[in-house]
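The file upload.cif comes next; it holds mmCIF, C-alpha atoms and all ligand atoms.
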data_data
loop_
_atom_site.label_atom_id
_atom_site.label_comp_id
_atom_site.auth_asym_id
_atom_site.auth_seq_id
_atom_site.Cartn_x
_atom_site.Cartn_y
_atom_site.Cartn_z
CA MET M 1 101.40 98.69 58.63
CA ASN M 2 103.39 96.37 60.92
CA ALA M 3 101.28 93.71 62.56
CA PRO M 4 101.24 94.49 66.27
CA THR M 5 102.02 91.76 68.79
CA ARG M 6 98.67 90.79 70.28
CA ILE M 7 98.57 90.78 74.07
CA ASN M 8 95.81 88.62 75.46
CA SER M 9 94.42 90.09 78.61
CA ALA M 10 96.12 88.42 81.53
CA LEU M 11 93.60 89.94 83.89
CA ASN M 12 90.35 88.86 82.23
CA VAL M 13 88.09 91.21 84.14
CA ARG M 14 86.25 92.78 81.23
CA ASP M 15 82.98 91.02 81.99
CA GLN M 16 82.99 92.53 85.49
CA PHE M 17 82.30 95.96 83.93
CA PRO M 18 78.66 96.09 82.81
CA ALA M 19 78.89 99.58 81.31
CA ILE M 20 81.47 98.71 78.66
CA ALA M 21 79.76 95.76 77.00
CA GLY M 22 80.20 96.19 73.24
CA TRP M 23 82.23 99.36 73.67
CA HIS M 24 85.94 100.18 73.47
CA TYR M 25 86.41 102.51 76.41
CA LEU M 26 89.84 104.14 76.21
CA ASP M 27 89.17 107.11 78.49
CA SER M 28 89.97 105.67 81.91
CA ALA M 29 92.40 108.51 82.64
CA ALA M 30 89.38 110.85 82.67
CA THR M 31 87.32 108.54 84.83
CA ALA M 32 87.35 104.78 85.33
CA GLN M 33 84.38 102.54 84.63
CA LYS M 34 83.08 100.67 87.67
CA PRO M 35 83.35 96.93 88.32
CA GLN M 36 80.21 95.15 89.51
CA ALA M 37 81.74 94.74 93.00
CA VAL M 38 81.82 98.53 93.42
CA ILE M 39 78.32 98.98 91.99
CA ASP M 40 77.02 96.29 94.38
CA ALA M 41 78.74 97.86 97.40
CA ILE M 42 77.14 101.23 96.62
CA THR M 43 73.71 99.68 96.04
CA GLU M 44 73.88 97.75 99.31
CA ALA M 45 75.07 100.79 101.23
CA TYR M 46 71.97 102.71 100.11
CA SER M 47 69.45 99.89 100.06
CA ARG M 48 70.44 97.99 103.21
CA ASP M 49 72.99 99.74 105.44
CA TYR M 50 72.39 103.46 105.04
CA ALA M 51 72.52 105.88 108.00
CA THR M 52 74.53 108.91 108.99
CA VAL M 53 78.04 108.67 110.45
CA HIS M 54 79.75 109.94 113.60
CA ARG M 55 76.57 111.29 115.20
CA GLY M 56 73.94 108.60 115.57
CA VAL M 57 73.77 106.52 118.74
CA TYR M 58 71.69 103.79 117.14
CA GLU M 59 73.34 100.64 115.88
CA ARG M 60 72.91 101.24 112.13
CA SER M 61 74.71 104.57 112.44
CA ALA M 62 77.49 102.99 114.45
CA SER M 63 78.05 100.31 111.83
CA MET M 64 77.95 102.89 108.99
CA THR M 65 80.55 104.90 110.93
CA ASP M 66 82.67 101.78 111.15
CA ALA M 67 82.36 101.25 107.40
CA TYR M 68 83.30 104.89 106.74
CA GLU M 69 86.36 104.69 108.99
CA ARG M 70 87.39 101.29 107.61
CA SER M 71 87.40 102.87 104.16
CA ARG M 72 89.72 105.61 105.41
CA ALA M 73 92.11 103.02 106.83
CA ALA M 74 92.01 100.95 103.62
CA ALA M 75 92.55 103.95 101.31
CA SER M 76 95.49 105.11 103.39
CA LYS M 77 96.98 101.61 103.62
CA LEU M 78 96.70 101.28 99.83
CA ILE M 79 99.40 103.96 99.54
CA GLY M 80 101.37 102.91 102.63
CA GLY M 81 99.83 105.34 105.12
CA GLN M 82 98.02 105.21 108.49
CA ALA M 83 94.29 105.83 108.96
CA ASN M 84 94.72 109.12 110.86
CA GLU M 85 96.85 110.51 108.00
CA LEU M 86 94.08 110.44 105.39
CA ILE M 87 91.46 113.14 104.85
CA PHE M 88 88.45 112.53 102.65
CA THR M 89 87.92 115.34 100.16
CA ARG M 90 85.72 115.75 97.08
CA GLY M 91 88.63 114.63 94.92
CA ALA M 92 92.28 115.28 94.13
CA THR M 93 91.49 118.84 93.11
CA GLU M 94 90.06 119.65 96.52
CA ALA M 95 92.94 117.81 98.22
CA ILE M 96 95.54 120.01 96.50
CA ASN M 97 93.50 123.15 97.20
CA LEU M 98 93.40 122.20 100.87
CA VAL M 99 97.19 121.98 101.12
CA ALA M 100 97.74 125.12 99.04
CA ARG M 101 95.34 127.12 101.20
CA MET M 102 96.06 125.81 104.69
CA LEU M 103 99.71 124.73 104.86
CA PRO M 104 101.55 127.43 106.81
CA LYS M 105 103.99 129.02 104.37
CA GLU M 106 106.69 129.51 107.03
CA GLY M 107 108.11 132.48 105.15
CA ARG M 108 108.50 130.57 101.89
CA THR M 109 106.42 131.96 99.06
CA ARG M 110 107.24 129.79 96.05
CA VAL M 111 106.08 126.42 94.76
CA LEU M 112 107.94 124.31 92.21
CA VAL M 113 105.65 122.48 89.78
CA SER M 114 106.42 121.07 86.34
CA GLN M 115 105.50 121.86 82.76
CA LEU M 116 103.27 118.79 82.54
CA GLU M 117 100.96 119.45 85.50
CA HIS M 118 97.18 119.21 85.38
CA HIS M 119 95.57 122.61 86.05
CA SER M 120 94.55 121.18 89.45
CA ASN M 121 98.19 121.29 90.45
CA ILE M 122 98.84 124.83 89.19
CA VAL M 123 95.81 127.00 89.83
CA PRO M 124 95.33 126.19 93.56
CA TRP M 125 98.87 127.43 94.26
CA GLN M 126 98.24 130.64 92.33
CA LEU M 127 94.98 131.24 94.20
CA ALA M 128 96.78 130.66 97.50
CA GLY M 129 99.28 133.41 96.68
CA TYR M 130 102.33 131.30 95.79
CA GLU M 131 104.80 132.29 93.06
CA VAL M 132 104.78 129.31 90.71
CA ASP M 133 107.99 128.09 89.05
CA ALA M 134 107.76 125.36 86.41
CA VAL M 135 110.43 122.71 85.84
CA PRO M 136 110.96 121.92 82.13
CA LEU M 137 110.62 118.46 80.63
CA THR M 138 113.22 116.19 79.04
CA PRO M 139 112.83 115.68 75.27
CA GLU M 140 110.96 112.40 76.03
CA GLY M 141 108.43 114.24 78.18
CA GLN M 142 109.65 113.39 81.69
CA ILE M 143 109.95 116.00 84.42
CA ASP M 144 113.60 117.05 84.23
CA LEU M 145 114.77 116.36 87.79
CA ASP M 146 118.29 117.70 87.11
CA ALA M 147 116.65 121.01 86.23
CA ALA M 148 114.44 120.74 89.32
CA GLU M 149 117.54 120.37 91.45
CA ARG M 150 119.04 123.51 89.93
CA MET M 151 115.83 125.54 90.22
CA LEU M 152 114.90 124.67 93.81
CA THR M 153 115.70 127.35 96.40
CA GLU M 154 115.02 127.92 100.07
CA GLU M 155 112.11 130.13 99.03
CA HIS M 156 110.20 127.05 97.84
CA ARG M 157 107.75 125.67 100.38
CA VAL M 158 106.48 122.83 98.24
CA VAL M 159 107.56 120.77 95.24
CA ALA M 160 104.30 119.60 93.64
CA PHE M 161 104.59 117.05 90.82
CA ALA M 162 102.32 114.61 89.04
CA HIS M 163 103.37 111.06 89.90
CA VAL M 164 102.09 110.03 86.43
CA SER M 165 101.21 112.58 83.72
CA ASN M 166 97.57 112.46 82.63
CA VAL M 167 98.57 113.34 79.05
CA LEU M 168 101.89 111.61 78.38
CA GLY M 169 101.80 108.85 80.99
CA SER M 170 105.32 109.88 82.11
CA LEU M 171 106.21 108.19 85.38
CA LEU M 172 108.12 110.31 87.88
CA ASP M 173 111.15 109.09 89.80
CA ALA M 174 109.29 110.03 92.98
CA ARG M 175 112.04 109.04 95.42
CA ARG M 176 114.50 111.31 93.71
CA ALA M 177 111.91 114.10 93.66
CA ALA M 178 111.53 113.70 97.45
CA GLU M 179 115.29 113.82 97.99
CA ILE M 180 115.55 116.97 95.89
CA ALA M 181 112.65 118.68 97.70
CA HIS M 182 114.01 117.82 101.13
CA SER M 183 117.56 118.94 100.25
CA LYS M 184 116.31 122.54 100.46
CA GLY M 185 113.79 122.00 103.25
CA ALA M 186 110.78 121.95 100.89
CA LEU M 187 107.92 119.44 101.09
CA LEU M 188 106.93 117.02 98.31
CA LEU M 189 103.29 116.84 97.27
CA LEU M 190 102.51 114.20 94.66
CA ASP M 191 99.42 114.39 92.48
CA GLY M 192 98.71 110.68 92.37
CA CYS M 193 95.48 110.78 90.35
CA GLN M 194 96.90 108.71 87.49
CA ALA M 195 99.38 106.68 89.55
CA VAL M 196 97.15 105.13 92.24
CA PRO M 197 94.96 103.22 89.74
CA ARG M 198 97.97 102.03 87.74
CA LEU M 199 100.84 101.03 90.02
CA PRO M 200 101.74 100.18 93.60
CA VAL M 201 102.41 103.35 95.61
CA ASP M 202 104.16 103.55 98.97
CA VAL M 203 104.42 107.05 100.40
CA SER M 204 106.93 106.00 103.04
CA THR M 205 109.35 104.42 100.55
CA ILE M 206 108.98 107.48 98.34
CA GLY M 207 109.42 109.90 101.24
CA ALA M 208 106.44 112.02 100.13
CA ASP M 209 104.87 114.58 102.47
CA PHE M 210 101.45 114.84 100.81
CA TYR M 211 99.71 112.57 98.32
CA ALA M 212 96.43 113.35 96.52
CA PHE M 213 94.12 111.08 94.51
CA SER M 214 90.51 110.69 93.37
CA ALA M 215 88.30 107.62 93.91
CA HIS M 216 86.59 107.89 90.52
CA LYS M 217 89.84 107.21 88.65
CA LEU M 218 90.43 104.17 90.89
CA TYR M 219 87.24 102.34 89.78
CA GLY M 220 85.33 104.00 92.65
CA PRO M 221 82.60 106.66 92.80
CA THR M 222 82.83 110.34 91.92
CA GLY M 223 82.60 112.98 94.63
CA ILE M 224 85.21 111.53 96.97
CA GLY M 225 89.00 111.65 97.00
CA CYS M 226 91.87 111.51 99.40
CA LEU M 227 94.56 113.71 100.81
CA TRP M 228 97.25 111.77 102.62
CA GLY M 229 99.67 113.86 104.67
CA ARG M 230 102.31 113.31 107.33
CA SER M 231 100.53 113.67 110.66
CA HIS M 232 102.70 116.50 112.02
CA LEU M 233 102.02 118.50 108.84
CA LEU M 234 98.26 117.92 109.03
CA ALA M 235 98.41 118.95 112.70
CA SER M 236 100.12 122.22 111.69
CA MET M 237 97.24 123.14 109.35
CA PRO M 238 94.22 125.07 110.64
CA PRO M 239 90.72 124.04 109.53
CA TRP M 240 89.59 125.46 106.20
CA GLN M 241 85.84 124.94 106.35
CA GLY M 242 83.73 125.22 109.46
CA GLY M 243 80.61 123.30 110.39
CA GLY M 244 79.46 120.09 111.98
CA ALA M 245 81.72 117.12 112.59
CA MET M 246 84.98 119.09 112.78
CA ILE M 247 84.50 120.82 116.14
CA ASP M 248 85.39 119.98 119.70
CA ALA M 249 83.32 122.69 121.48
CA VAL M 250 81.44 125.72 120.13
CA THR M 251 80.47 128.91 121.92
CA PHE M 252 79.70 132.30 120.38
CA GLU M 253 83.05 133.53 121.69
CA ARG M 254 85.31 130.68 120.68
CA THR M 255 85.35 127.31 118.94
CA THR M 256 87.86 124.54 119.36
CA PHE M 257 88.49 121.91 116.73
CA LEU M 258 89.03 118.18 116.49
CA ASP M 259 92.38 116.76 115.47
CA PRO M 260 92.97 115.74 111.84
CA PRO M 261 91.49 114.09 109.89
CA ALA M 262 88.08 115.13 111.31
CA ARG M 263 89.22 118.77 111.52
CA PHE M 264 89.18 118.93 107.72
CA GLU M 265 85.87 117.16 107.12
CA ALA M 266 83.16 119.70 107.92
CA GLY M 267 79.57 118.63 107.33
CA THR M 268 77.97 115.31 106.46
CA PRO M 269 80.54 113.51 104.31
CA HIS M 270 80.11 111.37 101.20
CA ILE M 271 79.23 108.32 103.29
CA VAL M 272 78.36 105.93 100.48
CA GLY M 273 81.23 107.30 98.43
CA ALA M 274 83.58 106.04 101.13
CA VAL M 275 81.95 102.59 101.01
CA GLY M 276 82.34 102.53 97.22
CA LEU M 277 85.96 103.64 97.51
CA HIS M 278 86.65 100.82 99.95
CA ALA M 279 85.17 98.30 97.51
CA ALA M 280 87.35 99.78 94.76
CA VAL M 281 90.46 99.52 96.94
CA ASN M 282 89.63 95.87 97.66
CA TRP M 283 89.03 95.25 93.97
CA VAL M 284 92.42 96.57 92.81
CA GLN M 285 94.18 94.84 95.68
CA ASN M 286 92.59 91.50 94.81
CA LEU M 287 93.89 91.85 91.26
CA SER M 288 97.17 93.36 92.53
CA LEU M 289 98.50 96.69 91.36
CA ASP M 290 101.67 94.98 90.17
CA ALA M 291 99.55 92.91 87.78
CA ILE M 292 97.52 95.95 86.66
CA HIS M 293 100.73 97.89 86.03
CA ALA M 294 102.30 95.06 84.02
CA HIS M 295 99.09 94.65 82.03
CA GLU M 296 98.82 98.35 81.18
CA CYS M 297 102.54 98.58 80.29
CA ALA M 298 102.09 95.69 77.84
CA LEU M 299 99.05 97.41 76.31
CA VAL M 300 100.93 100.70 75.97
CA SER M 301 103.76 99.03 74.14
CA GLU M 302 101.32 97.14 71.90
CA ALA M 303 99.39 100.36 71.18
CA ARG M 304 102.51 102.39 70.48
CA ASP M 305 103.82 99.74 68.07
CA ALA M 306 100.48 99.60 66.29
CA LEU M 307 100.06 103.38 66.03
CA ARG M 308 103.65 103.89 64.94
CA GLY M 309 102.92 101.60 62.03
CA ILE M 310 100.23 103.94 60.68
CA PRO M 311 101.77 106.63 58.40
CA GLY M 312 100.82 110.14 59.53
CA VAL M 313 100.28 109.28 63.20
CA THR M 314 102.49 111.15 65.69
CA LEU M 315 102.98 109.75 69.18
CA TYR M 316 103.84 111.85 72.22
CA GLY M 317 105.45 110.99 75.53
CA PRO M 318 107.95 108.36 76.65
CA GLU M 319 107.95 104.81 75.27
CA ASP M 320 107.44 103.35 78.75
CA SER M 321 104.51 105.57 79.68
CA ALA M 322 102.13 104.26 82.32
CA GLY M 323 98.80 103.32 80.75
CA ILE M 324 98.34 106.49 78.65
CA VAL M 325 99.15 107.23 74.99
CA SER M 326 98.65 110.66 73.40
CA PHE M 327 98.72 110.95 69.62
CA ASN M 328 97.62 112.99 66.64
CA VAL M 329 96.76 112.19 63.04
CA ASP M 330 98.52 114.61 60.67
CA GLY M 331 96.22 117.33 59.37
CA VAL M 332 93.24 116.20 61.48
CA HIS M 333 92.00 118.03 64.56
CA PRO M 334 91.89 115.62 67.53
CA HIS M 335 88.20 116.45 68.03
CA ASP M 336 87.51 115.13 64.51
CA THR M 337 89.63 112.06 65.23
CA ALA M 338 87.67 111.41 68.45
CA THR M 339 84.32 111.95 66.71
CA ILE M 340 85.09 109.42 63.98
CA LEU M 341 86.45 106.99 66.59
CA ASP M 342 83.21 107.43 68.52
CA ASP M 343 81.26 106.36 65.41
CA ALA M 344 83.46 103.26 65.43
CA GLY M 345 82.59 102.51 69.06
CA VAL M 346 85.91 103.72 70.48
CA ALA M 347 85.94 106.36 73.23
CA VAL M 348 89.10 108.48 73.45
CA ARG M 349 89.61 111.92 74.96
CA ALA M 350 90.54 114.88 72.75
CA GLY M 351 91.57 118.34 73.86
CA HIS M 352 94.11 120.00 76.12
CA HIS M 353 93.38 117.52 78.95
CA CYS M 354 93.44 120.36 81.54
CA ALA M 355 97.16 120.76 80.82
CA GLN M 356 97.47 123.89 78.69
CA PRO M 357 101.11 124.61 79.68
CA LEU M 358 102.02 121.09 78.48
CA MET M 359 100.20 121.69 75.18
CA ARG M 360 102.29 124.84 74.72
CA TRP M 361 105.45 122.81 75.37
CA LEU M 362 104.33 120.28 72.74
CA GLY M 363 103.56 123.16 70.35
CA LEU M 364 99.97 121.93 70.00
CA GLU M 365 96.48 122.99 70.94
CA ALA M 366 95.26 119.50 71.61
CA THR M 367 95.96 115.78 71.36
CA ALA M 368 93.88 112.64 71.19
CA ARG M 369 94.48 110.38 74.17
CA ALA M 370 93.90 106.66 74.63
CA SER M 371 94.13 105.50 78.22
CA PHE M 372 93.95 101.95 79.49
CA ALA M 373 92.57 100.20 82.55
CA ALA M 374 92.55 96.71 84.01
CA HIS M 375 89.67 95.72 81.67
CA SER M 376 91.40 96.92 78.46
CA ASP M 377 92.71 94.36 76.01
CA SER M 378 94.02 93.93 72.48
CA SER M 379 90.52 94.18 71.01
CA ASP M 380 90.47 97.84 72.14
CA ILE M 381 93.74 98.53 70.35
CA GLU M 382 92.59 96.77 67.20
CA ALA M 383 89.40 98.87 67.21
CA LEU M 384 91.47 102.00 67.76
CA VAL M 385 93.71 101.17 64.80
CA ARG M 386 90.70 100.42 62.54
CA GLY M 387 89.12 103.70 63.66
CA ILE M 388 92.26 105.70 62.87
CA GLU M 389 92.44 104.12 59.43
CA GLN M 390 88.85 105.29 58.94
CA VAL M 391 89.86 108.80 60.09
CA LYS M 392 92.57 108.82 57.42
CA ARG M 393 90.13 107.61 54.74
CA VAL M 394 87.60 110.32 55.62
CA PHE M 395 90.23 113.07 55.56
CA ALA M 396 91.88 111.79 52.37
CA LYS M 397 88.69 112.59 50.44
C1 LIG L 401 96.95 114.22 86.95
C2 LIG L 401 95.61 114.73 87.41
N1 LIG L 401 95.56 115.57 88.45
C3 LIG L 401 94.40 116.05 88.92
C4 LIG L 401 93.20 115.70 88.33
C5 LIG L 401 91.94 116.23 88.90
O1 LIG L 401 91.18 115.19 89.45
P1 LIG L 401 89.69 115.43 89.96
O2 LIG L 401 88.97 116.14 88.84
O3 LIG L 401 89.17 114.05 90.20
O4 LIG L 401 89.78 116.24 91.20
C6 LIG L 401 93.20 114.85 87.23
C7 LIG L 401 91.95 114.51 86.55
O5 LIG L 401 91.90 114.41 85.34
C8 LIG L 401 94.44 114.33 86.77
O6 LIG L 401 94.49 113.49 85.74
#
Encoded form using structure tokens:
Amino acid sequence: MNAPTRINSALNVRDQFPAIAGWHYLDSAATAQKPQAVIDAITEAYSRDYATVHRGVYERSASMTDAYERSRAAASKLIGGQANELIFTRGATEAINLVARMLPKEGRTRVLVSQLEHHSNIVPWQLAGYEVDAVPLTPEGQIDLDAAERMLTEEHRVVAFAHVSNVLGSLLDARRAAEIAHSKGALLLLDGCQAVPRLPVDVSTIGADFYAFSAHKLYGPTGIGCLWGRSHLLASMPPWQGGGAMIDAVTFERTTFLDPPARFEAGTPHIVGAVGLHAAVNWVQNLSLDAIHAHECALVSEARDALRGIPGVTLYGPEDSAGIVSFNVDGVHPHDTATILDDAGVAVRAGHHCAQPLMRWLGLEATARASFAAHSDSSDIEALVRGIEQVKRVFAK
């Protein structure tokens, strides 16, 4: 095996993550571990500051409302948006469902997705009655934008692509995707679940129309996510759930609704989730997403070099994937690989990764996937390599 080039962590934040002490956590693409700053913000929100939002007239409620709204502004600013353009949802899945269900179709009945999409960016469109067309991938595993250009018609209402693939780490040329979508009057929705934690995103430079992401993949809490949308598009969408907090006036005959974003946030929201998300946004911004991206790119290249050096290991996806490496060990089911790695203290994901159409394109049922985060370092890759050598020893018997 070739000796991999060891990358010392330039970020040095590992000791800020109490839950990974003594553990090689390589499943951040599924959900990120939480830095102490986020854990503290959540604890303080419940133990010191807690009250409802938007309704209370007492001071604690007013300051909690401020905190909730400051989180909205910060989450939107993180991706280059304005506060009134960001709706809090349960996560990226709910954000995409909201657009699929409520965006007026304007006579267009098709959506253009790609072969590598997460099920969250396929099934909502089917449920909303769209015909789904899938753009093929290049041999390296990128969305083939030349093919997208050829396939797009004036029947397509939306082009909906992953900004970064959760399986292959493929990074989309998002600006070109926006130009292609707009050339036929379609809108671009980006599934930014894997991009927002890994690289700087600016929706206005990209020219995106909608952008969806989840807090829990961005070092924040579960149960809250974001839908960013251009304000005139959000204004064109009727409410999808009714209840408190989204109404202007209610009578038994007729109800009128608030403007976005409140129109889409019926009921008591995930108040403390928003506080935790804000802490997570601050945390990544303090480190800088440029630095996180550079760090994860270096780890990917170190991991790919190391894995390539092990006979019988197949790598998938582009060489310059963003923070995510999928692989298989010849003759070993990825679940077995992941189980033996678990015994060695290394957590990787194994399965179809909620991307069955991509698995079919790869001609596989499953892969093993190692995904990095700001806290990852060379010790994780060394443990992964040792674990894979153990997998090979076990299956050689
Ligand atoms: C690319 C991508 N899209 C969508 C999702 C769904 O995110 P959530 O389950 O947080 O709604 C995921 C989660 O794995 C993902 O990786």
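Using only C-alpha atoms, the smallest distance between any of M:Asn166, M:Gln285, M:Ser61, M:Asn121 and Ala74 (chain M) comes from M:Gln285.
Nearest to ligand LIG 401 (chain L) of all the residues M:Gly81, M:Pro261, M:Gly91, M:Gly387 is M:Gly91, counting all atoms listed in the file.
Taking all atoms listed in the file into account, the residues that come within 7 Å of ligand LIG 401 (chain L) are Ala29, Ala30, Gly91, Ala92, Thr93, Glu94, Glu117, His118, Ser120, Asn121, Ala162, Val164, Ser165, Asn166, Asp191, Gly192, Cys193, Gln194, Ser214 and His216 of chain M.
If you look at CA of Gly267 (chain M) and CA of Gly129 (chain M), they are 26.8 Å away from each other.
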Quiz item: Using all atoms listed in the file, can you list as an MDAnalysis selection string the residues within 12 Å of (91.7, 108.9, 55.1)?
Solution: chainID M and resid 310:313 329:332 337 340 386:397
Just the residues within 9 Å of Val111 (chain M), please, counting all atoms listed in the file, with nothing from its chain fewer than 3 positions along; format it as a compact mmCIF listing (two decimals) with C-alpha atoms, keeping the file's coordinate frame.
# COMPACT_ATOMS: atom_id res chain seq x y z
CA ARG M 108 108.50 130.57 101.89
CA TRP M 125 98.87 127.43 94.26
CA TYR M 130 102.33 131.30 95.79
CA GLU M 131 104.80 132.29 93.06
CA VAL M 132 104.78 129.31 90.71
CA ASP M 133 107.99 128.09 89.05
CA ALA M 134 107.76 125.36 86.41
CA GLU M 155 112.11 130.13 99.03
CA HIS M 156 110.20 127.05 97.84
CA ARG M 157 107.75 125.67 100.38
CA VAL M 158 106.48 122.83 98.24
CA VAL M 159 107.56 120.77 95.24
CA ALA M 160 104.30 119.60 93.64
CA ALA M 186 110.78 121.95 100.89
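If you measure from each of M:Met102, M:Val250, M:Ile224, M:Ala195 to Ser321 (chain M) using all atoms listed in the file, the closest one turns out to be M:Ala195.
The space separating CA of Val346 (chain M) from CA of Ile20 (chain M) comes to 10.6 Å.
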Quiz item: Which of these residues is nearest to Glu382 (chain M), using all atoms listed in the file: M:Asp343, M:Asp209, M:Glu59, M:Asp305?
Solution: M:Asp305
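Proximity ranking of M:Cys354, M:Leu315, M:Val53, M:Leu218 relative to Gln33 (chain M) places M:Leu218 first, based on all atoms listed in the file.
In this model, the gap between CA of Ala368 (chain M) and CA of Ser28 (chain M) comes to 13.4 Å.
Residue nearest Pro197 (chain M), chosen from M:Trp240, M:Tyr50, M:Tyr25, M:Trp283 and counting only C-alpha atoms: M:Trp283.
All residues of protein, DNA or RNA that reach within 10 Å of Ala128 (chain M), judged by only C-alpha atoms and not counting those fewer than 3 positions away in the chain, are Asn97, Leu98, Val99, Ala100, Arg101, Met102, Leu103, Thr109, Val123, Pro124, Trp125 and Glu131 of chain M.
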Would you tabulate, counting all atoms listed in the file, all residues of region 214-323 of chain M that have an atom at most 10 Å from an atom of region 40-45 of chain M, showing the closest pair of atoms and their distance in Å to one decimal, sorted by chain then ascending number, as CSV?
residue,atom,partner,partner_atom,distance
M:Gly220,CA,M:Ile42,CA,9.5
M:Pro221,CA,M:Ile42,CA,8.6
M:Ile271,CA,M:Ala45,CA,8.8
M:Val272,CA,M:Ala45,CA,6.1
M:Gly273,CA,M:Ile42,CA,7.5
M:Ala274,CA,M:Ile42,CA,9.2
M:Val275,CA,M:Ile42,CA,6.7
M:Gly276,CA,M:Ile42,CA,5.4
M:Leu277,CA,M:Ile42,CA,9.2
M:His278,CA,M:Ala41,CA,8.8
M:Ala279,CA,M:Ala41,CA,6.4
M:Ala280,CA,M:Ala41,CA,9.2
Can you write just those residues out, C-alpha atoms, as an mmCIF file, in the frame of the given file?
data_model
loop_
_atom_site.group_PDB
_atom_site.id
_atom_site.type_symbol
_atom_site.label_atom_id
_atom_site.label_comp_id
_atom_site.auth_asym_id
_atom_site.auth_seq_id
_atom_site.Cartn_x
_atom_site.Cartn_y
_atom_site.Cartn_z
ATOM 1 C CA GLY M 220 85.330 104.000 92.650
ATOM 2 C CA PRO M 221 82.600 106.660 92.800
ATOM 3 C CA ILE M 271 79.230 108.320 103.290
ATOM 4 C CA VAL M 272 78.360 105.930 100.480
ATOM 5 C CA GLY M 273 81.230 107.300 98.430
ATOM 6 C CA ALA M 274 83.580 106.040 101.130
ATOM 7 C CA VAL M 275 81.950 102.590 101.010
ATOM 8 C CA GLY M 276 82.340 102.530 97.220
ATOM 9 C CA LEU M 277 85.960 103.640 97.510
ATOM 10 C CA HIS M 278 86.650 100.820 99.950
ATOM 11 C CA ALA M 279 85.170 98.300 97.510
ATOM 12 C CA ALA M 280 87.350 99.780 94.760
#
Practice problem: Tell me which protein, DNA and RNA residues are within 10 Å of Thr268 (chain M), counting only C-alpha atoms, leaving out same-chain ones fewer than 3 positions away, and put them as a PyMOL selection string. | Solution: chain M and resi 52-55+243-245+265+271
Using all atoms listed in the file, find each residue in region 231-340 of chain M having at least one atom no more than 8 Å away from region 200-204 of chain M; report its shortest atom-to-atom pair and that distance in Å (one decimal), rows by chain then rising number, as CSV.
residue,atom,partner,partner_atom,distance
M:Leu289,CA,M:Pro200,CA,5.3
M:Asp290,CA,M:Pro200,CA,6.2
M:His293,CA,M:Pro200,CA,8.0
Exercise. Determine, counting all atoms listed in the file, which protein, DNA and RNA residues have an atom within 12 Å of an atom of region 13-17 of chain M; residues of the same chain fewer than 4 positions away are not included. Present the result as a ChimeraX atom specification.
Key: /M:8-9,21-25,32-40,219,283-284,286-287,292,295,373-380
Practice problem: Excluding region 252-255 of chain M and residues on its chain fewer than 4 positions from it, collect all residues at most 12 Å away from it, counting all atoms listed in the file, and give them as a ChimeraX atom specification. | Solution: /M:239,242-244,246-248,263
